[in-house]
Structure formats: structure tokens, C-alpha cells
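Text of target14.cif (mmCIF, C-alpha atoms) as supplied:
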```cif
data_coords
loop_
_atom_site.group_PDB
_atom_site.id
_atom_site.type_symbol
_atom_site.label_atom_id
_atom_site.label_comp_id
_atom_site.auth_asym_id
_atom_site.auth_seq_id
_atom_site.Cartn_x
_atom_site.Cartn_y
_atom_site.Cartn_z
ATOM 1 C CA MET R 149 0.000 0.000 0.000
ATOM 2 C CA LYS R 150 2.819 2.394 0.889
ATOM 3 C CA SER R 151 4.578 1.458 -2.344
ATOM 4 C CA PHE R 152 1.440 2.272 -4.344
ATOM 5 C CA THR R 153 1.070 5.589 -2.509
ATOM 6 C CA ARG R 154 4.658 6.531 -3.220
ATOM 7 C CA GLY R 155 4.274 5.554 -6.851
ATOM 8 C CA GLY R 156 1.077 7.572 -7.121
ATOM 9 C CA ARG R 157 2.716 10.611 -5.584
ATOM 10 C CA PHE R 158 5.687 10.316 -7.936
ATOM 11 C CA ARG R 159 3.372 10.120 -10.953
ATOM 12 C CA GLN R 160 1.405 13.060 -9.599
ATOM 13 C CA ILE R 161 4.588 15.140 -9.159
ATOM 14 C CA LEU R 162 5.800 14.103 -12.591
ATOM 15 C CA SER R 163 2.446 14.980 -14.135
ATOM 16 C CA SER R 164 2.402 18.350 -12.364
ATOM 17 C CA PHE R 165 5.931 19.081 -13.547
ATOM 18 C CA GLY R 166 5.002 18.126 -17.106
ATOM 19 C CA VAL R 167 1.986 20.417 -17.057
ATOM 20 C CA SER R 168 4.078 23.281 -15.644
ATOM 21 C CA LEU R 169 6.769 22.686 -18.249
ATOM 22 C CA LEU R 170 4.198 22.648 -21.042
ATOM 23 C CA VAL R 171 2.591 25.868 -19.798
ATOM 24 C CA THR R 172 6.027 27.493 -19.559
ATOM 25 C CA ILE R 173 6.973 26.414 -23.089
ATOM 26 C CA VAL R 174 3.649 27.622 -24.522
ATOM 27 C CA THR R 175 3.956 30.937 -22.646
ATOM 28 C CA LEU R 176 7.539 31.488 -23.839
ATOM 29 C CA ALA R 177 6.587 30.558 -27.403
ATOM 30 C CA ALA R 178 3.662 32.992 -27.295
ATOM 31 C CA LEU R 179 5.910 35.736 -25.901
ATOM 32 C CA GLU R 180 8.496 35.013 -28.601
ATOM 33 C CA ILE R 181 5.821 35.398 -31.277
ATOM 34 C CA VAL R 182 4.446 38.600 -29.707
ATOM 35 C CA LEU R 183 7.928 40.159 -29.572
ATOM 36 C CA ARG R 184 8.659 39.236 -33.184
ATOM 37 C CA VAL R 185 5.318 40.615 -34.405
ATOM 38 C CA ALA R 186 5.635 43.794 -32.304
ATOM 39 C CA ASP R 187 9.132 44.298 -33.777
ATOM 40 C CA PHE R 188 10.269 46.765 -31.127
ATOM 41 C CA ARG R 189 13.079 48.989 -32.400
ATOM 42 C CA GLU R 190 15.372 48.168 -29.480
ATOM 43 C CA LEU R 191 15.191 44.450 -30.286
ATOM 44 C CA ARG R 192 15.812 44.691 -34.016
ATOM 45 C CA GLU R 193 18.941 43.575 -35.764
ATOM 46 C CA GLY R 194 20.881 46.488 -37.238
ATOM 47 C CA VAL R 195 21.492 46.946 -40.946
ATOM 48 C CA SER R 196 23.651 50.086 -40.817
ATOM 49 C CA GLU R 197 27.270 50.363 -41.940
ATOM 50 C CA ARG R 198 28.293 49.797 -38.314
ATOM 51 C CA SER R 199 26.359 46.562 -37.834
ATOM 52 C CA LEU R 200 27.252 45.223 -41.296
ATOM 53 C CA SER R 201 30.951 46.018 -41.447
ATOM 54 C CA TYR R 202 32.091 46.537 -37.855
ATOM 55 C CA ARG R 203 32.855 44.352 -34.879
ATOM 56 C CA TYR R 204 33.309 44.869 -31.148
ATOM 57 C CA ASP R 205 36.485 46.623 -30.048
ATOM 58 C CA ALA R 206 37.312 46.791 -26.331
ATOM 59 C CA GLU R 207 39.266 50.055 -26.684
ATOM 60 C CA LEU R 208 37.274 51.957 -29.307
ATOM 61 C CA GLY R 209 33.781 50.490 -28.949
ATOM 62 C CA TRP R 210 33.578 49.263 -32.538
ATOM 63 C CA ALA R 211 35.947 48.993 -35.485
ATOM 64 C CA ALA R 212 35.775 47.675 -39.029
ATOM 65 C CA VAL R 213 36.717 44.097 -39.775
ATOM 66 C CA PRO R 214 40.044 44.181 -41.692
ATOM 67 C CA ASP R 215 39.894 42.994 -45.306
ATOM 68 C CA SER R 216 36.080 42.915 -45.217
ATOM 69 C CA ASP R 217 33.522 43.684 -47.918
ATOM 70 C CA SER R 218 29.856 44.608 -47.649
ATOM 71 C CA ILE R 219 27.024 46.361 -49.475
ATOM 72 C CA VAL R 220 25.591 49.197 -47.374
ATOM 73 C CA THR R 221 22.228 50.724 -48.277
ATOM 74 C CA ASN R 222 21.151 54.074 -46.851
ATOM 75 C CA VAL R 223 20.204 56.785 -49.352
ATOM 76 C CA ARG R 224 22.143 54.773 -51.935
ATOM 77 C CA ALA R 225 23.558 51.269 -52.070
ATOM 78 C CA ILE R 226 27.357 51.423 -51.936
ATOM 79 C CA HIS R 227 30.180 48.916 -51.793
ATOM 80 C CA ALA R 228 32.460 49.130 -48.769
ATOM 81 C CA HIS R 229 35.880 47.480 -48.639
ATOM 82 C CA HIS R 230 38.181 47.787 -45.627
ATOM 83 C CA ASN R 231 41.922 47.290 -45.920
ATOM 84 C CA SER R 232 44.201 45.423 -43.515
ATOM 85 C CA LEU R 233 44.131 48.411 -41.130
ATOM 86 C CA GLY R 234 40.335 48.232 -40.971
ATOM 87 C CA LEU R 235 40.029 51.475 -42.965
ATOM 88 C CA ARG R 236 37.863 52.033 -46.006
ATOM 89 C CA ASP R 237 40.703 52.742 -48.379
ATOM 90 C CA ASP R 238 43.281 51.112 -50.618
ATOM 91 C CA ALA R 239 45.935 48.808 -49.177
ATOM 92 C CA PHE R 240 48.440 50.827 -47.170
ATOM 93 C CA LYS R 241 52.189 50.268 -46.895
ATOM 94 C CA LEU R 242 54.439 52.400 -44.714
ATOM 95 C CA ASP R 243 57.440 53.655 -46.696
ATOM 96 C CA ALA R 244 59.421 56.836 -47.295
ATOM 97 C CA GLU R 245 56.536 58.608 -49.079
ATOM 98 C CA PRO R 246 54.748 60.966 -46.630
ATOM 99 C CA THR R 247 51.087 60.395 -45.765
ATOM 100 C CA ILE R 248 48.169 62.770 -45.324
ATOM 101 C CA MET R 249 45.676 61.116 -42.977
ATOM 102 C CA PHE R 250 42.075 62.254 -42.586
ATOM 103 C CA LEU R 251 40.383 61.463 -39.273
ATOM 104 C CA GLY R 252 36.621 61.554 -38.886
ATOM 105 C CA ASP R 253 33.320 59.735 -38.739
ATOM 106 C CA SER R 254 30.895 58.721 -41.517
ATOM 107 C CA PHE R 255 31.753 61.896 -43.465
ATOM 108 C CA VAL R 256 35.316 60.595 -43.890
ATOM 109 C CA TRP R 257 34.218 56.947 -44.135
ATOM 110 C CA GLY R 258 31.973 58.046 -47.004
ATOM 111 C CA LEU R 259 28.391 57.059 -46.213
ATOM 112 C CA ASP R 260 26.204 57.132 -49.359
ATOM 113 C CA VAL R 261 29.129 57.519 -51.779
ATOM 114 C CA GLU R 262 31.461 55.079 -53.459
ATOM 115 C CA ALA R 263 35.076 55.213 -52.325
ATOM 116 C CA ASN R 264 36.267 56.904 -55.504
ATOM 117 C CA GLU R 265 33.669 59.684 -55.031
ATOM 118 C CA ARG R 266 35.020 60.754 -51.639
ATOM 119 C CA PHE R 267 36.995 63.967 -51.195
ATOM 120 C CA SER R 268 40.032 62.001 -50.001
ATOM 121 C CA ASP R 269 40.113 59.908 -53.177
ATOM 122 C CA LEU R 270 39.568 63.007 -55.323
ATOM 123 C CA LEU R 271 42.699 64.512 -53.768
ATOM 124 C CA LYS R 272 44.884 61.506 -54.558
ATOM 125 C CA GLY R 273 45.496 62.608 -58.102
ATOM 126 C CA ARG R 274 46.083 66.247 -57.162
ATOM 127 C CA ILE R 275 48.770 66.000 -54.508
ATOM 128 C CA PRO R 276 51.906 64.391 -55.973
ATOM 129 C CA GLY R 277 54.463 62.886 -53.644
ATOM 130 C CA TYR R 278 51.941 62.056 -50.883
ATOM 131 C CA LYS R 279 49.882 59.031 -49.956
ATOM 132 C CA ILE R 280 46.366 59.883 -48.760
ATOM 133 C CA LEU R 281 44.575 57.724 -46.194
ATOM 134 C CA ALA R 282 40.939 58.037 -45.105
ATOM 135 C CA ALA R 283 40.837 56.984 -41.441
ATOM 136 C CA GLY R 284 37.105 57.488 -40.983
ATOM 137 C CA VAL R 285 34.970 55.229 -38.792
ATOM 138 C CA SER R 286 31.223 55.672 -39.014
ATOM 139 C CA GLY R 287 29.673 56.879 -35.773
ATOM 140 C CA PHE R 288 32.929 57.851 -34.079
ATOM 141 C CA GLY R 289 33.178 60.962 -31.935
ATOM 142 C CA THR R 290 36.305 63.090 -31.663
ATOM 143 C CA ASP R 291 37.204 61.128 -28.534
ATOM 144 C CA GLN R 292 37.284 57.806 -30.398
ATOM 145 C CA GLU R 293 39.116 59.425 -33.300
ATOM 146 C CA TYR R 294 41.829 60.582 -30.879
ATOM 147 C CA LEU R 295 42.210 57.019 -29.599
ATOM 148 C CA LEU R 296 42.253 55.657 -33.158
ATOM 149 C CA LEU R 297 44.947 58.198 -34.071
ATOM 150 C CA GLN R 298 47.182 56.850 -31.323
ATOM 151 C CA ARG R 299 46.555 53.253 -32.386
ATOM 152 C CA LEU R 300 47.289 53.902 -36.056
ATOM 153 C CA TRP R 301 50.328 56.121 -35.561
ATOM 154 C CA PRO R 302 53.050 53.417 -35.469
ATOM 155 C CA LYS R 303 51.602 51.820 -38.618
ATOM 156 C CA VAL R 304 51.015 55.030 -40.597
ATOM 157 C CA LYS R 305 53.297 57.768 -39.189
ATOM 158 C CA PRO R 306 51.505 60.523 -41.129
ATOM 159 C CA ALA R 307 53.204 63.786 -42.026
ATOM 160 C CA ILE R 308 49.885 65.641 -42.008
ATOM 161 C CA VAL R 309 46.716 64.923 -40.008
ATOM 162 C CA VAL R 310 43.415 66.573 -40.891
ATOM 163 C CA LEU R 311 40.569 66.177 -38.403
ATOM 164 C CA ILE R 312 37.152 66.435 -40.076
ATOM 165 C CA PHE R 313 34.825 67.609 -37.310
ATOM 166 C CA CYS R 314 31.141 66.703 -37.686
ATOM 167 C CA THR R 315 29.270 69.706 -36.326
ATOM 168 C CA GLN R 316 25.977 67.787 -36.521
ATOM 169 C CA ASN R 317 26.785 65.364 -33.757
ATOM 170 C CA ASP R 318 30.423 65.239 -32.593
ATOM 171 C CA ARG R 319 29.787 67.291 -29.452
ATOM 172 C CA ALA R 320 26.965 64.936 -28.491
ATOM 173 C CA ASP R 321 29.192 61.935 -29.281
ATOM 174 C CA ASN R 322 31.945 63.316 -27.052
ATOM 175 C CA SER R 323 29.582 63.901 -24.115
ATOM 176 C CA THR R 324 28.306 60.386 -23.459
ATOM 177 C CA ASN R 325 29.128 56.681 -23.305
ATOM 178 C CA ILE R 326 26.273 55.407 -25.512
ATOM 179 C CA ARG R 327 25.341 56.453 -29.057
ATOM 180 C CA TYR R 328 23.495 55.236 -32.142
ATOM 181 C CA GLU R 329 21.167 52.332 -31.385
ATOM 182 C CA GLY R 330 22.827 51.676 -28.049
ATOM 183 C CA TYR R 331 26.468 51.352 -29.072
ATOM 184 C CA GLN R 332 28.727 51.617 -26.028
ATOM 185 C CA LYS R 333 31.875 53.734 -26.386
ATOM 186 C CA PRO R 334 34.787 55.105 -24.346
ATOM 187 C CA TYR R 335 34.595 58.726 -23.223
ATOM 188 C CA PHE R 336 36.646 61.426 -21.518
ATOM 189 C CA THR R 337 35.900 63.348 -18.355
ATOM 190 C CA THR R 338 37.719 66.482 -17.242
ATOM 191 C CA ALA R 339 39.639 66.333 -13.961
ATOM 192 C CA PRO R 340 39.687 69.310 -11.535
ATOM 193 C CA ASP R 341 43.119 70.303 -12.874
ATOM 194 C CA GLY R 342 41.730 70.437 -16.428
ATOM 195 C CA SER R 343 43.341 67.237 -17.661
ATOM 196 C CA LEU R 344 41.402 64.614 -19.601
ATOM 197 C CA VAL R 345 40.633 61.278 -17.977
ATOM 198 C CA LEU R 346 39.772 58.314 -20.209
ATOM 199 C CA GLN R 347 36.771 56.335 -18.954
ATOM 200 C CA GLY R 348 34.767 53.321 -20.046
ATOM 201 C CA GLN R 349 37.490 50.868 -21.035
ATOM 202 C CA PRO R 350 37.222 48.022 -21.629
ATOM 203 C CA VAL R 351 34.077 49.095 -23.456
ATOM 204 C CA PRO R 352 31.039 46.917 -22.633
ATOM 205 C CA LYS R 353 29.559 45.014 -25.552
ATOM 206 C CA SER R 354 26.529 46.691 -27.066
ATOM 207 C CA ARG R 355 23.062 45.326 -27.839
ATOM 208 C CA LEU R 356 23.666 44.979 -31.580
ATOM 209 C CA GLN R 357 27.054 43.385 -30.996
ATOM 210 C CA TYR R 358 25.430 40.747 -28.794
ATOM 211 C CA ILE R 359 22.862 40.064 -31.519
ATOM 212 C CA LYS R 360 25.592 39.721 -34.117
ATOM 213 C CA GLU R 361 28.001 37.603 -32.076
ATOM 214 C CA ASN R 362 25.867 35.526 -29.647
ATOM 215 C CA TRP R 363 23.790 32.643 -31.052
ATOM 216 C CA TRP R 364 21.087 32.790 -28.351
ATOM 217 C CA VAL R 365 20.655 36.550 -28.581
ATOM 218 C CA ARG R 366 20.572 36.402 -32.375
ATOM 219 C CA HIS R 367 17.904 33.678 -32.578
ATOM 220 C CA SER R 368 15.639 34.412 -29.605
ATOM 221 C CA TRP R 369 13.782 37.683 -29.125
ATOM 222 C CA ILE R 370 13.090 36.792 -25.508
ATOM 223 C CA VAL R 371 16.830 36.573 -24.899
ATOM 224 C CA ARG R 372 17.230 39.865 -26.796
ATOM 225 C CA LEU R 373 14.730 41.472 -24.415
ATOM 226 C CA ALA R 374 16.502 40.097 -21.354
ATOM 227 C CA ASN R 375 19.869 41.224 -22.738
ATOM 228 C CA ALA R 376 18.570 44.743 -23.492
ATOM 229 C CA ILE R 377 17.203 45.095 -19.952
ATOM 230 C CA TYR R 378 20.465 43.778 -18.487
ATOM 231 C CA LEU R 379 22.547 46.309 -20.447
ATOM 232 C CA LYS R 380 20.345 49.236 -19.402
ATOM 233 C CA ILE R 381 20.699 48.262 -15.735
ATOM 234 C CA VAL R 382 24.381 47.310 -15.640
ATOM 235 C CA HIS R 383 25.724 49.819 -18.187
ATOM 236 C CA PRO R 384 23.379 52.848 -18.134
ATOM 237 C CA LYS R 385 23.775 55.910 -20.314
ATOM 238 C CA LEU R 386 25.995 58.613 -18.796
ATOM 239 C CA ASP R 387 26.334 62.268 -19.745
ATOM 240 C CA VAL R 388 29.491 64.286 -19.083
ATOM 241 C CA PRO R 389 30.491 67.924 -19.721
ATOM 242 C CA ASP R 390 31.501 68.415 -23.351
ATOM 243 C CA PRO R 391 35.294 67.881 -23.630
ATOM 244 C CA THR R 392 35.562 68.624 -27.372
ATOM 245 C CA GLU R 393 38.016 71.530 -27.252
ATOM 246 C CA HIS R 394 40.243 69.660 -24.772
ATOM 247 C CA ILE R 395 40.304 66.615 -27.078
ATOM 248 C CA VAL R 396 41.215 68.731 -30.108
ATOM 249 C CA ASP R 397 44.070 70.267 -28.107
ATOM 250 C CA LYS R 398 45.327 66.828 -27.052
ATOM 251 C CA MET R 399 45.090 65.610 -30.625
ATOM 252 C CA ARG R 400 47.131 68.556 -31.869
ATOM 253 C CA GLU R 401 49.668 68.060 -29.066
ATOM 254 C CA PHE R 402 50.053 64.399 -29.996
ATOM 255 C CA VAL R 403 50.394 65.091 -33.740
ATOM 256 C CA GLU R 404 52.870 67.951 -33.428
ATOM 257 C CA GLY R 405 54.772 66.122 -30.688
ATOM 258 C CA ASN R 406 55.413 63.402 -33.263
ATOM 259 C CA GLY R 407 56.719 65.882 -35.820
ATOM 260 C CA ALA R 408 53.605 66.141 -38.021
ATOM 261 C CA LYS R 409 51.272 69.022 -38.916
ATOM 262 C CA PHE R 410 47.673 69.321 -37.712
ATOM 263 C CA PHE R 411 44.658 70.856 -39.464
ATOM 264 C CA VAL R 412 40.891 70.866 -38.946
ATOM 265 C CA GLY R 413 37.963 70.835 -41.363
ATOM 266 C CA LEU R 414 34.464 71.608 -40.041
ATOM 267 C CA GLN R 415 31.468 69.973 -41.707
ATOM 268 C CA ALA R 416 29.589 73.142 -40.730
ATOM 269 C CA THR R 417 30.563 76.198 -38.718
ATOM 270 C CA ASP R 418 30.703 75.667 -34.959
ATOM 271 C CA ALA R 419 31.196 79.123 -33.455
ATOM 272 C CA GLY R 420 32.723 77.856 -30.219
ATOM 273 C CA LEU R 421 35.196 75.556 -31.935
ATOM 274 C CA VAL R 422 36.070 78.190 -34.558
ATOM 275 C CA ARG R 423 36.874 80.636 -31.785
ATOM 276 C CA HIS R 424 39.008 78.011 -30.042
ATOM 277 C CA LEU R 425 40.904 77.141 -33.229
ATOM 278 C CA GLN R 426 41.601 80.803 -33.895
ATOM 279 C CA GLU R 427 42.881 81.323 -30.354
ATOM 280 C CA ARG R 428 45.158 78.276 -30.672
ATOM 281 C CA ARG R 429 46.202 79.261 -34.210
ATOM 282 C CA ILE R 430 45.143 75.908 -35.606
ATOM 283 C CA PRO R 431 44.544 76.221 -39.373
ATOM 284 C CA PHE R 432 41.009 75.219 -40.358
ATOM 285 C CA VAL R 433 38.405 75.407 -43.102
ATOM 286 C CA THR R 434 34.601 75.044 -43.125
ATOM 287 C CA PHE R 435 32.318 73.179 -45.543
ATOM 288 C CA ASP R 436 28.956 74.836 -44.793
ATOM 289 C CA ASP R 437 27.801 74.948 -48.419
ATOM 290 C CA ALA R 438 28.814 71.411 -49.410
ATOM 291 C CA ALA R 439 25.750 69.704 -50.923
ATOM 292 C CA LEU R 440 24.037 67.097 -48.738
ATOM 293 C CA PHE R 441 21.679 64.251 -49.597
ATOM 294 C CA PRO R 442 18.110 65.315 -48.645
ATOM 295 C CA GLY R 443 15.541 63.398 -46.631
ATOM 296 C CA ALA R 444 15.381 61.559 -43.334
ATOM 297 C CA LEU R 445 18.232 59.215 -44.283
ATOM 298 C CA GLY R 446 20.301 62.005 -45.844
ATOM 299 C CA GLY R 447 22.607 64.557 -44.317
ATOM 300 C CA HIS R 448 25.893 63.337 -45.801
ATOM 301 C CA TRP R 449 27.824 64.882 -48.665
ATOM 302 C CA THR R 450 26.712 64.114 -52.198
ATOM 303 C CA PRO R 451 29.354 63.488 -54.895
ATOM 304 C CA ASP R 452 29.172 67.215 -55.725
ATOM 305 C CA GLY R 453 29.536 68.032 -52.032
ATOM 306 C CA GLN R 454 32.604 65.802 -51.906
ATOM 307 C CA LYS R 455 34.141 67.785 -54.782
ATOM 308 C CA LEU R 456 33.662 71.052 -52.897
ATOM 309 C CA VAL R 457 35.220 69.547 -49.753
ATOM 310 C CA ALA R 458 38.199 68.342 -51.796
ATOM 311 C CA GLU R 459 38.706 71.859 -53.169
ATOM 312 C CA ARG R 460 38.511 73.441 -49.715
ATOM 313 C CA VAL R 461 40.916 70.918 -48.171
ATOM 314 C CA PHE R 462 43.371 71.396 -51.029
ATOM 315 C CA GLY R 463 43.196 75.154 -50.494
ATOM 316 C CA LEU R 464 43.763 74.742 -46.757
ATOM 317 C CA LEU R 465 46.900 72.644 -47.248
ATOM 318 C CA ALA R 466 48.301 74.653 -50.144
ATOM 319 C CA GLY R 467 47.545 77.930 -48.378
ATOM 320 C CA ASN R 468 49.629 76.797 -45.428
ATOM 321 C CA ASN R 469 52.514 75.753 -47.702
ATOM 322 C CA VAL R 470 52.489 72.073 -46.768
ATOM 323 C CA ILE R 471 51.709 70.911 -50.314
ATOM 324 C CA PRO R 472 52.542 72.514 -53.684
ATOM 325 C CA PRO R 473 49.888 74.850 -55.133
ATOM 326 C CA ASP R 474 47.642 73.531 -57.877
ATOM 327 C CA LYS R 475 49.289 74.283 -61.245
ATOM 328 C CA SER R 476 46.369 73.061 -63.353
ATOM 329 C CA PRO R 477 44.731 75.744 -65.554
#
```

Can you give me the file's structure in the form of C-alpha cells?
Amino acid sequence: MKSFTRGGRFRQILSSFGVSLLVTIVTLAALEIVLRVADFRELREGVSERSLSYRYDAELGWAAVPDSDSIVTNVRAIHAHHNSLGLRDDAFKLDAEPTIMFLGDSFVWGLDVEANERFSDLLKGRIPGYKILAAGVSGFGTDQEYLLLQRLWPKVKPAIVVLIFCTQNDRADNSTNIRYEGYQKPYFTTAPDGSLVLQGQPVPKSRLQYIKENWWVRHSWIVRLANAIYLKIVHPKLDVPDPTEHIVDKMREFVEGNGAKFFVGLQATDAGLVRHLQERRIPFVTFDDAALFPGALGGHWTPDGQKLVAERVFGLLAGNNVIPPDKSP
């Protein structure tokens, strides 16, 4: 009798567990379907140039995969190839020929234009005796560009560095640890003595990076939801006082301390930065009237806008006697 009772209880427990398991599976399946149908923005997989071509980087936040190729569609569909340095440019070899390196974000990377339409490529045939390298990373702030400059220096050793400042968003980029669909990034704070303090390294992995690199997060929207909540709790968004001018000064100090020349191009006029550059006697040029693609997805230079930028940059360098003047008629 006791044996029968024990057996009955075991079957009852087993049956109860089975029912609970079935209810749990059905509930999770229903939630998975609801999340997929609802298609919340914060759970979607990215299809931008960052999510297609870039991977997690513990120092910079994200960086392009070296020797990678992709088709990126925004206003236009373009082909993007990254060289062995992870830069969207031709193969680079360090030799005796001096290099002009352009630092920047998607304006230097060339969103919505083919590589040969970019201002940097247009300058290649106009400046003899120099290699030209576009060191643009889409989404980067000036802070990340400063860190990238230091990383690339031993491999490139440029003679001239031109920072292309994106007036649209670089100040916002420099003032936080999270940008663009939740991408985590390093950032600088200003110490009481005025010095810059690097924060946020190693950079936490971001939501889209988890989706791209983790099988469970990529295939289950429930896991995506749990991961998104976890990241918001453990790595919340922070805002810090804008350190832009301090970063530009440190960038110039680093460049000139290594025997190179430093210039700045502004995507549009930023009165505060212009005033700072004038006070520091840093040569600069603005591109306010460079044509931009229209519409919600636009905002980057068109091929005609790229031509104007190339002309202005050439004038900046030639006007400061670092390259020969244009002798074409």
C-alpha cells in the first residue's frame, strides 16, 4: 500500500511538472511570437554600416573588420571594402613617401558615396608625392578618433593629419558613453586640474554586438529582451560635460609632438570651436555649403559636395605651404 502511494505521488509530481513545463513552453513561445510581431526597435537587428561592417572593439567600442567587404544601403547602395588596417581605403604600406591622414566619422568613411567619389580619393590625383589615407569610422566621436589616431600612428606615421569635425553630432558623441542604437563607447571626463581622464574601457559590448556575435541573442527575441534590460541596468547611459576643445588640443599636441602638422575641417561652422581654433592658431576650413543628400536618411555629402570639400581641403593645405599649389589651368 505504501509502495502504491509513493508511486502515485511520484506520478502526480511528474504529471504536475510536465503540465508546468508545457505551460512554460507555450507561454515562452507565445511571448516570442508577440515580440517578433511587435518588432520593437530596441530588439531589431541592425542593418547600418556599423552593424554590417564593424565588430566589437574593447578600446574603441567598434571597429571595421580588416579585409572585409559589404554592401551598405542608406540613401544609396554602396560597396564598402576595408583594408588590412580596418580602414575604407586602398591597401596601405608604410614607406618613405609621406602620408596625409584624414580622421573623422561617416563623413570621412563616405556614407552614401562610393570610395572613388570621396573627397580624399579626389585629392589623390592632385597631390603628388603624398599618400592619402581616409581613417574614418562611421559613428565615431572626436574622442574615439583621438584614440584611433594613437593606435594607427606606429603603422602610418603621417606627415599631415586633418581632423574632419562633424558639427551635426560630434559634441553629443563626445559627451556620453552610448550612441546610435545603443552602441557603447569610451569617453573622456575632465579632472579638476583640467586634464582629460579616459573612462569606459574596456568598453562593454553593445546590444547589436550581442545580436551579431551571440547565437542565443541572435535567434531568440526573448533573450534579446533580457539582454537589453540587463545592459540598461548594468551599463546605463551617462552624460558628461563636453570635452571637445580639450580633445582637439590633445590631438594637436600628440600630432605635433610626433613631428607632423595638424589641421581641422568643419562639416559646418561651430562658433565655439572656430573661436578656439583661432585662439590656438590651428589652421582650419569650413564646408557649410557642401551639398548634402536630402531626406530623413540624408545629411551626408553628395558626390558634388565631396568635390567642394576636396577643393577646400586642397586650399587649406596649399595655403599653409604644406603641399605645392595647384598648377592646373

Worksheet item: Which residues match the PyMOL selection byres ((chain R and resi 437-440) around 8) in the file above, as number ranges by chain?
Response: R: 435-436, 441-442, 446-450, 452-454, 456-457

Item to complete: Would you work out the distance separating CA of Lys409 (chain R) from CA of Ile395 (chain R), expressed in Å to one decimal?
Response: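 Computing the Euclidean distance for CA of Lys409 (chain R) and CA of Ile395 (chain R) yields 16.3 Å.
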
Discussion item. I'd like to see the residues matched by the PyMOL selection byres ((chain R and resi 327-342) around 7) on this file, and ideally I'd get them as a PyMOL selection string.
Written reply: chain R and resi 208-209+291+321-322+324-326+343-349+351-355+388+391

Fill in: Given all atoms listed in the file as the counted atoms, nearest of R:Ala282, R:Met399, R:Ala225, R:Gly467 to Leu270 (chain R)
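Once distances to Leu270 (chain R) are computed over all atoms listed in the file, the minimum belongs to R:Ala282.
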
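Taking CA of Val223 (chain R) and CA of Ala263 (chain R) as the two end points, the separation is 15.2 Å.
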
Worksheet item: Which residues come within 12 Å of Leu356 (chain R), counting only C-alpha atoms, excluding same-chain residues fewer than 3 positions away, as a PyMOL selection string?
Response: chain R and resi 189-196+198-200+202-204+209-210+327-332+352-353+359-362+365-366+372-373+375-376+379

I'd like to see the residues matched by the PyMOL selection byres ((chain R and resi 472) around 10) on this file, and ideally I'd get them as a tab-separated table (two decimals) with C-alpha atoms, in the coordinates of the input.
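Output saved as expr-v8.tsv:
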```
chain	number	residue	atom	x	y	z
R	274	ARG	CA	46.08	66.25	-57.16
R	275	ILE	CA	48.77	66.00	-54.51
R	276	PRO	CA	51.91	64.39	-55.97
R	277	GLY	CA	54.46	62.89	-53.64
R	462	PHE	CA	43.37	71.40	-51.03
R	465	LEU	CA	46.90	72.64	-47.25
R	466	ALA	CA	48.30	74.65	-50.14
R	467	GLY	CA	47.54	77.93	-48.38
R	468	ASN	CA	49.63	76.80	-45.43
R	469	ASN	CA	52.51	75.75	-47.70
R	470	VAL	CA	52.49	72.07	-46.77
R	471	ILE	CA	51.71	70.91	-50.31
R	473	PRO	CA	49.89	74.85	-55.13
R	474	ASP	CA	47.64	73.53	-57.88
R	475	LYS	CA	49.29	74.28	-61.24
```

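In this comparison, which uses only C-alpha atoms, the residue of R:Ser164, R:Thr247, R:Thr315, R:Ser201 approaching Gln357 (chain R) most closely is R:Ser201.
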
Item to complete: Around the point (48.8, 71.3, -33.2) in the file's coordinates, collect all residues with an atom within 10 Å, using only C-alpha atoms, and return them as a ChimeraX atom specification.
Response: /R:309,396-405,407-412,425,428-431

If you keep C-alpha atoms, can you produce a file of those selected residues as a PDB file, in the coordinates of the input?
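What landed in selection_28.pdb:
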```
ATOM      1  CA  VAL R 309      46.716  64.923 -40.008  1.00  0.00           C
ATOM      2  CA  VAL R 396      41.215  68.731 -30.108  1.00  0.00           C
ATOM      3  CA  ASP R 397      44.070  70.267 -28.107  1.00  0.00           C
ATOM      4  CA  LYS R 398      45.327  66.828 -27.052  1.00  0.00           C
ATOM      5  CA  MET R 399      45.090  65.610 -30.625  1.00  0.00           C
ATOM      6  CA  ARG R 400      47.131  68.556 -31.869  1.00  0.00           C
ATOM      7  CA  GLU R 401      49.668  68.060 -29.066  1.00  0.00           C
ATOM      8  CA  PHE R 402      50.053  64.399 -29.996  1.00  0.00           C
ATOM      9  CA  VAL R 403      50.394  65.091 -33.740  1.00  0.00           C
ATOM     10  CA  GLU R 404      52.870  67.951 -33.428  1.00  0.00           C
ATOM     11  CA  GLY R 405      54.772  66.122 -30.688  1.00  0.00           C
ATOM     12  CA  GLY R 407      56.719  65.882 -35.820  1.00  0.00           C
ATOM     13  CA  ALA R 408      53.605  66.141 -38.021  1.00  0.00           C
ATOM     14  CA  LYS R 409      51.272  69.022 -38.916  1.00  0.00           C
ATOM     15  CA  PHE R 410      47.673  69.321 -37.712  1.00  0.00           C
ATOM     16  CA  PHE R 411      44.658  70.856 -39.464  1.00  0.00           C
ATOM     17  CA  VAL R 412      40.891  70.866 -38.946  1.00  0.00           C
ATOM     18  CA  LEU R 425      40.904  77.141 -33.229  1.00  0.00           C
ATOM     19  CA  ARG R 428      45.158  78.276 -30.672  1.00  0.00           C
ATOM     20  CA  ARG R 429      46.202  79.261 -34.210  1.00  0.00           C
ATOM     21  CA  ILE R 430      45.143  75.908 -35.606  1.00  0.00           C
ATOM     22  CA  PRO R 431      44.544  76.221 -39.373  1.00  0.00           C
TER      23      PRO R 431
END
```

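A straight line drawn from CA of Asp318 (chain R) to CA of Leu251 (chain R) is 12.6 Å long.
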
Worksheet item: Residues around (32.0, 68.4, -40.3), cut-off 7 Å, counting only C-alpha atoms - what are they as a list in words?
Response: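 Here is the list of nearby residues: Ile312, Phe313, Cys314, Thr315, Gly413, Leu414, Gln415 and Ala416 of chain R.
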
Worksheet entry | Distance criterion (all atoms listed in the file): nearest to Glu459 (chain R) out of R:Arg423, R:Lys380, R:Arg266, R:Arg157 |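 Once distances to Glu459 (chain R) are computed over all atoms listed in the file, the minimum belongs to R:Arg266.
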
Worksheet item: From the set R:Asp418, R:Glu207, R:Asp269, R:Asp187, which residue has the shortest atom-to-atom contact distance to Lys455 (chain R), counting all atoms listed in the file?
Response: R:Asp269

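Excluding Ser268 (chain R) itself and same-chain residues fewer than 3 positions from it, the residues having an atom within 7 Å of it are R:Leu271, R:Lys272, R:Ile280, R:Ala282, R:Ala458, counting only C-alpha atoms.
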
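Every protein, DNA or RNA residue with an atom at most 12 Å from Arg299 (chain R), where all atoms listed in the file count and chain neighbours fewer than 3 positions away do not, is listed here: R:Glu207, R:Leu208, R:Ala211, R:Leu233, R:Gly234, R:Ala283, R:Gln292, R:Glu293, R:Tyr294, R:Leu295, R:Leu296, R:Pro302, R:Lys303, R:Val304, R:Lys305, R:Phe402.
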
Worksheet item: For Pro389 (chain R), which residue among R:Arg184, R:His367, R:Arg319, R:Lys241 is the nearest when counting all atoms listed in the file?
Response: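 The shortest atom-to-atom distance to Pro389 (chain R) comes from R:Arg319.
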
Worksheet, complete the sentence: Using only C-alpha atoms, the residue out of R:Val220, R:Asp238, R:Pro451, R:His383 with shortest distance to Val261 (chain R) is R:Pro451
